[in-house]
Structures are given as structure tokens and as C-alpha cells.
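Here's model.txt, which has compact mmCIF, C-alpha atoms:
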```txt
# COMPACT_ATOMS: atom_id res chain seq x y z
CA MET W 815 -80.52 12.46 -18.27
CA ALA W 816 -79.71 15.79 -19.88
CA TYR W 817 -80.90 19.35 -19.36
CA LEU W 818 -80.86 21.94 -22.09
CA LEU W 819 -81.50 25.66 -21.65
CA LEU W 820 -81.99 27.69 -24.80
CA TYR W 821 -82.04 31.49 -24.69
CA VAL W 822 -82.07 33.31 -28.03
CA ASP W 823 -78.81 32.03 -29.56
CA ASP W 824 -77.20 30.63 -26.40
CA ILE W 825 -77.45 26.99 -25.32
CA ILE W 826 -76.55 25.59 -21.92
CA LEU W 827 -76.29 21.82 -21.77
CA THR W 828 -75.56 19.52 -18.89
CA ALA W 829 -75.82 15.73 -18.90
CA SER W 830 -75.55 12.88 -16.43
CA SER W 831 -72.59 11.37 -18.29
CA ASN W 832 -69.79 12.55 -20.56
CA ALA W 833 -70.87 10.06 -23.24
CA LEU W 834 -74.39 11.47 -23.34
CA TYR W 835 -73.04 15.03 -23.36
CA ARG W 836 -70.69 14.30 -26.28
CA SER W 837 -73.50 12.52 -28.16
CA ILE W 838 -75.82 15.52 -27.87
CA ILE W 839 -73.05 17.97 -28.83
CA SER W 840 -72.20 15.83 -31.85
CA LEU W 841 -75.84 15.76 -32.96
CA PHE W 842 -76.26 19.52 -32.58
CA SER W 843 -72.91 20.26 -34.25
CA SER W 844 -73.99 18.32 -37.32
CA LYS W 845 -76.98 20.68 -37.73
CA PHE W 846 -75.78 24.02 -36.33
CA ALA W 847 -72.59 26.06 -36.15
CA MET W 848 -71.59 25.86 -32.51
CA LYS W 849 -68.80 27.12 -30.28
CA ASP W 850 -68.00 25.66 -26.85
CA MET W 851 -67.50 28.49 -24.38
CA SER W 852 -66.07 26.11 -21.70
CA GLN W 853 -67.36 25.82 -18.14
CA LEU W 854 -70.43 27.88 -17.32
CA SER W 855 -69.79 30.45 -14.58
CA TYR W 856 -72.28 33.32 -15.10
CA PHE W 857 -75.34 33.48 -17.35
CA LEU W 858 -78.34 35.85 -17.36
CA GLY W 859 -77.62 37.09 -13.83
CA ILE W 860 -77.08 33.60 -12.42
CA ALA W 861 -73.68 32.59 -11.04
CA VAL W 862 -72.94 28.88 -11.40
CA THR W 863 -70.62 26.95 -9.10
CA ARG W 864 -69.85 23.34 -10.03
CA HIS W 865 -69.53 20.67 -7.34
CA THR W 866 -68.67 17.00 -7.82
CA ASP W 867 -72.25 15.87 -8.31
CA SER W 868 -74.24 19.08 -8.54
CA LEU W 869 -74.45 22.70 -9.62
CA PHE W 870 -75.10 25.60 -7.23
CA LEU W 871 -76.97 28.53 -8.76
CA SER W 872 -76.91 31.97 -7.14
CA GLN W 873 -78.20 35.44 -7.99
CA LYS W 874 -76.19 37.15 -5.22
CA LYS W 875 -73.94 39.03 -7.68
CA TYR W 876 -76.92 40.14 -9.78
CA ALA W 877 -78.80 41.36 -6.68
CA ALA W 878 -75.71 43.25 -5.50
CA GLU W 879 -75.46 44.93 -8.92
CA ILE W 880 -79.10 46.09 -8.67
CA ILE W 881 -78.52 47.43 -5.14
CA ASP W 882 -75.44 49.28 -6.38
CA ARG W 883 -77.34 50.75 -9.35
CA ALA W 884 -80.00 51.98 -6.90
CA GLY W 885 -77.30 53.73 -4.86
CA MET W 886 -78.11 51.62 -1.81
CA SER W 887 -74.84 49.70 -1.33
CA SER W 888 -74.11 51.42 1.98
CA CYS W 889 -77.64 50.98 3.38
CA LYS W 890 -78.20 48.70 6.36
CA PRO W 891 -80.56 45.76 5.85
CA SER W 892 -83.92 45.77 7.57
CA PRO W 893 -86.33 42.84 7.98
CA THR W 894 -89.23 45.21 7.23
CA PRO W 895 -88.41 48.17 4.99
CA ILE W 896 -91.17 50.33 6.51
CA ALA W 897 -92.85 50.45 9.89
CA PRO W 898 -95.83 48.05 9.80
CA LYS W 899 -98.39 50.65 10.93
CA SER W 900 -97.16 53.60 8.88
CA LYS W 901 -99.79 55.74 7.22
CA LEU W 902 -98.74 56.63 3.70
CA ARG W 903 -100.49 59.11 1.48
CA ALA W 904 -99.98 59.93 -2.17
CA THR W 905 -98.89 63.46 -1.24
CA THR W 906 -96.22 62.53 1.36
CA SER W 907 -93.36 62.24 -1.10
CA ILE W 908 -92.06 64.09 -4.12
CA PRO W 909 -92.71 62.26 -7.41
CA PHE W 910 -89.72 61.25 -9.52
CA GLU W 911 -88.77 63.91 -12.05
CA ASP W 912 -87.60 61.19 -14.45
CA PRO W 913 -88.94 57.76 -13.51
CA SER W 914 -86.82 55.85 -16.08
CA HIS W 915 -84.16 54.95 -13.46
CA TYR W 916 -86.87 53.62 -11.12
CA TRP W 917 -88.44 51.58 -13.93
CA SER W 918 -85.08 50.10 -14.97
CA LEU W 919 -84.53 48.94 -11.37
CA ALA W 920 -88.06 47.51 -11.17
CA GLU W 921 -87.48 45.67 -14.45
CA ALA W 922 -84.19 44.21 -13.18
CA LEU W 923 -85.90 43.00 -9.99
CA GLN W 924 -88.39 40.89 -11.93
CA TYR W 925 -85.55 38.51 -12.86
CA LEU W 926 -84.60 37.80 -9.26
CA THR W 927 -85.88 34.62 -7.68
CA PHE W 928 -86.34 35.05 -3.96
CA THR W 929 -85.93 32.00 -1.74
CA ARG W 930 -85.74 31.55 1.99
```
Starting from the coordinates I provided, produce the structure as C-alpha cells.
Amino acid sequence: MAYLLLYVDDIILTASSNALYRSIISLFSSKFAMKDMSQLSYFLGIAVTRHTDSLFLSQKKYAAEIIDRAGMSSCKPSPTPIAPKSKLRATTSIPFEDPSHYWSLAEALQYLTFTR
């Protein structure tokens, strides 16, 4: 069994055996110019840790980068970011003067996969 991830001009390939892996690389190399970048460790915001029989994927580093960009690295975590019975109105806060920073953070968040 083999898994292939293609993103623009980057390919990530993993296979259940070295023979299968080499066979696929050989086939692709005969058609395309390729360069082996060695063991995968970080790709598109996903950190990869290799174990004997598996791969562990984590977005912890990517999430920490977003929190840092938002200027919230020193904030304490909260299970609920706002009191459950709070009454919010459109006029209770000052609108962003330049919302581009907010939108860049919102865009970055869409690539996070939340799991429990």
C-alpha cells in the first residue's frame, strides 16, 4: 500500500515497503525531474514524527505560530472564551481600524484540524 500527497509541485510519498517505495520513485523519476528532500518533518503546517510502524501528525507548532501572531502567547487558556450568558451587542466594541490582520489570522485558522 502506498499513499501519495500532491500539493502544487510538492509530492509526499509513503509506502508499506521499501521495494514499493523505490518502484514508485523510479516510475515517477522516469517521467518527471525529481529531488528527494529526505525525511519529512514539517509540511503545510503539519509536523511529522516517524515511529517504527506509523507516522504522528501534529499541528501544535502551526497553532502556536497563529497564537503568537495574534499576540496571545501570554494569555491563559479558558475552556469557554466568553461567559455563556453574556449579552453582546454590535456597539459594545470598537471596530478594527484595519481588519487585514484579523482576516489573516482567520484565514490561518481554517487550516487547523481540531480534534479531541
Nearest to W:Tyr916, chosen from W:Leu902, W:Ile881, W:Leu841, W:Asp824, with all atoms listed in the file counted in the distances: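 Of all the options, W:Ile881 lies closest to W:Tyr916.
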Best match for closeness to W:Gln873 among W:Lys849, W:Leu926, W:Lys890, W:Phe910, counting all atoms listed in the file: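 Using all atoms listed in the file, W:Gln873 sits closest to W:Leu926.
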Nearest-residue call for W:Leu858, choices W:Ala897, W:Ala884, W:Leu834, W:Leu819, using only C-alpha atoms: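 Looking only at the distances to W:Leu858, the closest residue turns out to be W:Leu819.
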Contacts of W:Ile880 at 12 Å (only C-alpha atoms; same-chain gap of 3+ positions) as a PyMOL selection string: chain W and resi 859+873-877+883-887+915-916+918-926
Atoms kept (C-alpha atoms) for selection, written as a compact mmCIF listing (two decimals), keeping the file's coordinate frame:
```
# COMPACT_ATOMS: atom_id res chain seq x y z
CA GLY W 859 -77.62 37.09 -13.83
CA GLN W 873 -78.20 35.44 -7.99
CA LYS W 874 -76.19 37.15 -5.22
CA LYS W 875 -73.94 39.03 -7.68
CA TYR W 876 -76.92 40.14 -9.78
CA ALA W 877 -78.80 41.36 -6.68
CA ARG W 883 -77.34 50.75 -9.35
CA ALA W 884 -80.00 51.98 -6.90
CA GLY W 885 -77.30 53.73 -4.86
CA MET W 886 -78.11 51.62 -1.81
CA SER W 887 -74.84 49.70 -1.33
CA HIS W 915 -84.16 54.95 -13.46
CA TYR W 916 -86.87 53.62 -11.12
CA SER W 918 -85.08 50.10 -14.97
CA LEU W 919 -84.53 48.94 -11.37
CA ALA W 920 -88.06 47.51 -11.17
CA GLU W 921 -87.48 45.67 -14.45
CA ALA W 922 -84.19 44.21 -13.18
CA LEU W 923 -85.90 43.00 -9.99
CA GLN W 924 -88.39 40.89 -11.93
CA TYR W 925 -85.55 38.51 -12.86
CA LEU W 926 -84.60 37.80 -9.26
```
Which of W:Arg903, W:Asp867, W:Ala847, W:Ile860 sits closest to W:Ser831 [using all atoms listed in the file]: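 Of all the options, W:Asp867 lies closest to W:Ser831.
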Cut-off 10 Å around (-78.2, 14.0, -15.8) with all atoms listed in the file: residues as an MDAnalysis selection string: chainID W and resid 815:817 828:832 834:835 867:868
Straight-line distance linking atom CA of W:Ile839 with atom CA of W:Asp823, stated in Å to one decimal: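 Straight-line distance from atom CA of W:Ile839 to atom CA of W:Asp823 works out to 15.2 Å.
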Atomic distance atom CA of W:Leu871 - atom CA of W:Phe857, expressed in Å with one decimal: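 Here the two named atoms are 10.0 Å from each other.
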Distance in Å - atom CA of W:Ser855 versus atom CA of W:Ile826: 11.1 Å
Who sits within 10 Å of W:Ile825, all atoms listed in the file, same chain under 4 positions skipped, as a VMD selection string: chain W and resid 818 to 821 848 to 850
Please export stretch 815-840 of chain W as a PDB file, in the first residue's frame, restricted to N, CA, C and O atoms.
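Here's the written file decode-v8.pdb:
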```pdb
ATOM      1  N   MET W 815       0.837  -1.155   0.000  1.00  0.00           N
ATOM      2  CA  MET W 815       0.000   0.000   0.000  1.00  0.00           C
ATOM      3  C   MET W 815       0.896   1.237   0.000  1.00  0.00           C
ATOM      4  O   MET W 815       1.929   1.261   0.653  1.00  0.00           O
ATOM      5  N   ALA W 816       0.480   2.249  -0.728  1.00  0.00           N
ATOM      6  CA  ALA W 816       1.236   3.498  -0.786  1.00  0.00           C
ATOM      7  C   ALA W 816       0.265   4.666  -0.697  1.00  0.00           C
ATOM      8  O   ALA W 816      -0.876   4.579  -1.144  1.00  0.00           O
ATOM      9  N   TYR W 817       0.740   5.748  -0.093  1.00  0.00           N
ATOM     10  CA  TYR W 817      -0.026   6.983  -0.022  1.00  0.00           C
ATOM     11  C   TYR W 817       0.789   8.084  -0.671  1.00  0.00           C
ATOM     12  O   TYR W 817       1.983   8.206  -0.425  1.00  0.00           O
ATOM     13  N   LEU W 818       0.106   8.879  -1.485  1.00  0.00           N
ATOM     14  CA  LEU W 818       0.760   9.965  -2.190  1.00  0.00           C
ATOM     15  C   LEU W 818      -0.035  11.237  -1.950  1.00  0.00           C
ATOM     16  O   LEU W 818      -1.247  11.258  -2.114  1.00  0.00           O
ATOM     17  N   LEU W 819       0.647  12.288  -1.526  1.00  0.00           N
ATOM     18  CA  LEU W 819       0.042  13.600  -1.343  1.00  0.00           C
ATOM     19  C   LEU W 819       0.715  14.540  -2.323  1.00  0.00           C
ATOM     20  O   LEU W 819       1.941  14.666  -2.330  1.00  0.00           O
ATOM     21  N   LEU W 820      -0.082  15.177  -3.144  1.00  0.00           N
ATOM     22  CA  LEU W 820       0.435  16.108  -4.139  1.00  0.00           C
ATOM     23  C   LEU W 820      -0.117  17.488  -3.840  1.00  0.00           C
ATOM     24  O   LEU W 820      -1.325  17.673  -3.711  1.00  0.00           O
ATOM     25  N   TYR W 821       0.776  18.467  -3.670  1.00  0.00           N
ATOM     26  CA  TYR W 821       0.380  19.843  -3.427  1.00  0.00           C
ATOM     27  C   TYR W 821       1.227  20.728  -4.323  1.00  0.00           C
ATOM     28  O   TYR W 821       2.435  20.859  -4.117  1.00  0.00           O
ATOM     29  N   VAL W 822       0.614  21.314  -5.317  1.00  0.00           N
ATOM     30  CA  VAL W 822       1.254  22.159  -6.322  1.00  0.00           C
ATOM     31  C   VAL W 822       2.426  21.398  -6.952  1.00  0.00           C
ATOM     32  O   VAL W 822       2.215  20.556  -7.801  1.00  0.00           O
ATOM     33  N   ASP W 823       3.662  21.674  -6.532  1.00  0.00           N
ATOM     34  CA  ASP W 823       4.798  20.966  -7.120  1.00  0.00           C
ATOM     35  C   ASP W 823       5.545  20.129  -6.080  1.00  0.00           C
ATOM     36  O   ASP W 823       6.682  19.744  -6.284  1.00  0.00           O
ATOM     37  N   ASP W 824       4.895  19.847  -4.960  1.00  0.00           N
ATOM     38  CA  ASP W 824       5.494  19.018  -3.917  1.00  0.00           C
ATOM     39  C   ASP W 824       4.756  17.688  -3.831  1.00  0.00           C
ATOM     40  O   ASP W 824       3.531  17.648  -3.913  1.00  0.00           O
ATOM     41  N   ILE W 825       5.512  16.627  -3.666  1.00  0.00           N
ATOM     42  CA  ILE W 825       4.942  15.280  -3.542  1.00  0.00           C
ATOM     43  C   ILE W 825       5.448  14.670  -2.246  1.00  0.00           C
ATOM     44  O   ILE W 825       6.640  14.713  -1.959  1.00  0.00           O
ATOM     45  N   ILE W 826       4.520  14.110  -1.484  1.00  0.00           N
ATOM     46  CA  ILE W 826       4.890  13.330  -0.302  1.00  0.00           C
ATOM     47  C   ILE W 826       4.441  11.909  -0.593  1.00  0.00           C
ATOM     48  O   ILE W 826       3.300  11.670  -0.985  1.00  0.00           O
ATOM     49  N   LEU W 827       5.358  10.972  -0.414  1.00  0.00           N
ATOM     50  CA  LEU W 827       5.070   9.566  -0.700  1.00  0.00           C
ATOM     51  C   LEU W 827       5.497   8.714   0.475  1.00  0.00           C
ATOM     52  O   LEU W 827       6.599   8.878   1.001  1.00  0.00           O
ATOM     53  N   THR W 828       4.633   7.825   0.881  1.00  0.00           N
ATOM     54  CA  THR W 828       4.990   6.815   1.863  1.00  0.00           C
ATOM     55  C   THR W 828       4.434   5.486   1.353  1.00  0.00           C
ATOM     56  O   THR W 828       3.420   5.450   0.673  1.00  0.00           O
ATOM     57  N   ALA W 829       5.131   4.411   1.658  1.00  0.00           N
ATOM     58  CA  ALA W 829       4.721   3.095   1.167  1.00  0.00           C
ATOM     59  C   ALA W 829       4.943   2.052   2.252  1.00  0.00           C
ATOM     60  O   ALA W 829       5.730   2.251   3.176  1.00  0.00           O
ATOM     61  N   SER W 830       4.240   0.943   2.114  1.00  0.00           N
ATOM     62  CA  SER W 830       4.301  -0.116   3.124  1.00  0.00           C
ATOM     63  C   SER W 830       5.599  -0.911   3.065  1.00  0.00           C
ATOM     64  O   SER W 830       5.911  -1.641   4.003  1.00  0.00           O
ATOM     65  N   SER W 831       6.357  -0.771   1.975  1.00  0.00           N
ATOM     66  CA  SER W 831       7.646  -1.465   1.892  1.00  0.00           C
ATOM     67  C   SER W 831       8.639  -0.604   1.113  1.00  0.00           C
ATOM     68  O   SER W 831       8.246   0.225   0.282  1.00  0.00           O
ATOM     69  N   ASN W 832       9.918  -0.831   1.380  1.00  0.00           N
ATOM     70  CA  ASN W 832      10.953  -0.088   0.662  1.00  0.00           C
ATOM     71  C   ASN W 832      10.940  -0.416  -0.819  1.00  0.00           C
ATOM     72  O   ASN W 832      11.191   0.454  -1.661  1.00  0.00           O
ATOM     73  N   ALA W 833      10.654  -1.675  -1.160  1.00  0.00           N
ATOM     74  CA  ALA W 833      10.623  -2.076  -2.572  1.00  0.00           C
ATOM     75  C   ALA W 833       9.529  -1.320  -3.322  1.00  0.00           C
ATOM     76  O   ALA W 833       9.756  -0.838  -4.442  1.00  0.00           O
ATOM     77  N   LEU W 834       8.360  -1.228  -2.731  1.00  0.00           N
ATOM     78  CA  LEU W 834       7.261  -0.496  -3.365  1.00  0.00           C
ATOM     79  C   LEU W 834       7.607   0.975  -3.490  1.00  0.00           C
ATOM     80  O   LEU W 834       7.396   1.602  -4.536  1.00  0.00           O
ATOM     81  N   TYR W 835       8.178   1.554  -2.436  1.00  0.00           N
ATOM     82  CA  TYR W 835       8.590   2.955  -2.447  1.00  0.00           C
ATOM     83  C   TYR W 835       9.579   3.219  -3.578  1.00  0.00           C
ATOM     84  O   TYR W 835       9.404   4.146  -4.371  1.00  0.00           O
ATOM     85  N   ARG W 836      10.628   2.384  -3.677  1.00  0.00           N
ATOM     86  CA  ARG W 836      11.634   2.565  -4.727  1.00  0.00           C
ATOM     87  C   ARG W 836      11.026   2.395  -6.117  1.00  0.00           C
ATOM     88  O   ARG W 836      11.394   3.095  -7.057  1.00  0.00           O
ATOM     89  N   SER W 837      10.088   1.470  -6.265  1.00  0.00           N
ATOM     90  CA  SER W 837       9.426   1.243  -7.546  1.00  0.00           C
ATOM     91  C   SER W 837       8.643   2.481  -7.987  1.00  0.00           C
ATOM     92  O   SER W 837       8.722   2.899  -9.150  1.00  0.00           O
ATOM     93  N   ILE W 838       7.909   3.072  -7.071  1.00  0.00           N
ATOM     94  CA  ILE W 838       7.127   4.268  -7.398  1.00  0.00           C
ATOM     95  C   ILE W 838       8.053   5.445  -7.725  1.00  0.00           C
ATOM     96  O   ILE W 838       7.838   6.163  -8.699  1.00  0.00           O
ATOM     97  N   ILE W 839       9.095   5.627  -6.925  1.00  0.00           N
ATOM     98  CA  ILE W 839      10.065   6.703  -7.182  1.00  0.00           C
ATOM     99  C   ILE W 839      10.717   6.514  -8.545  1.00  0.00           C
ATOM    100  O   ILE W 839      10.881   7.467  -9.308  1.00  0.00           O
ATOM    101  N   SER W 840      11.072   5.299  -8.877  1.00  0.00           N
ATOM    102  CA  SER W 840      11.685   5.012 -10.173  1.00  0.00           C
ATOM    103  C   SER W 840      10.737   5.363 -11.324  1.00  0.00           C
ATOM    104  O   SER W 840      11.148   5.978 -12.311  1.00  0.00           O
TER     105      SER W 840
END
```
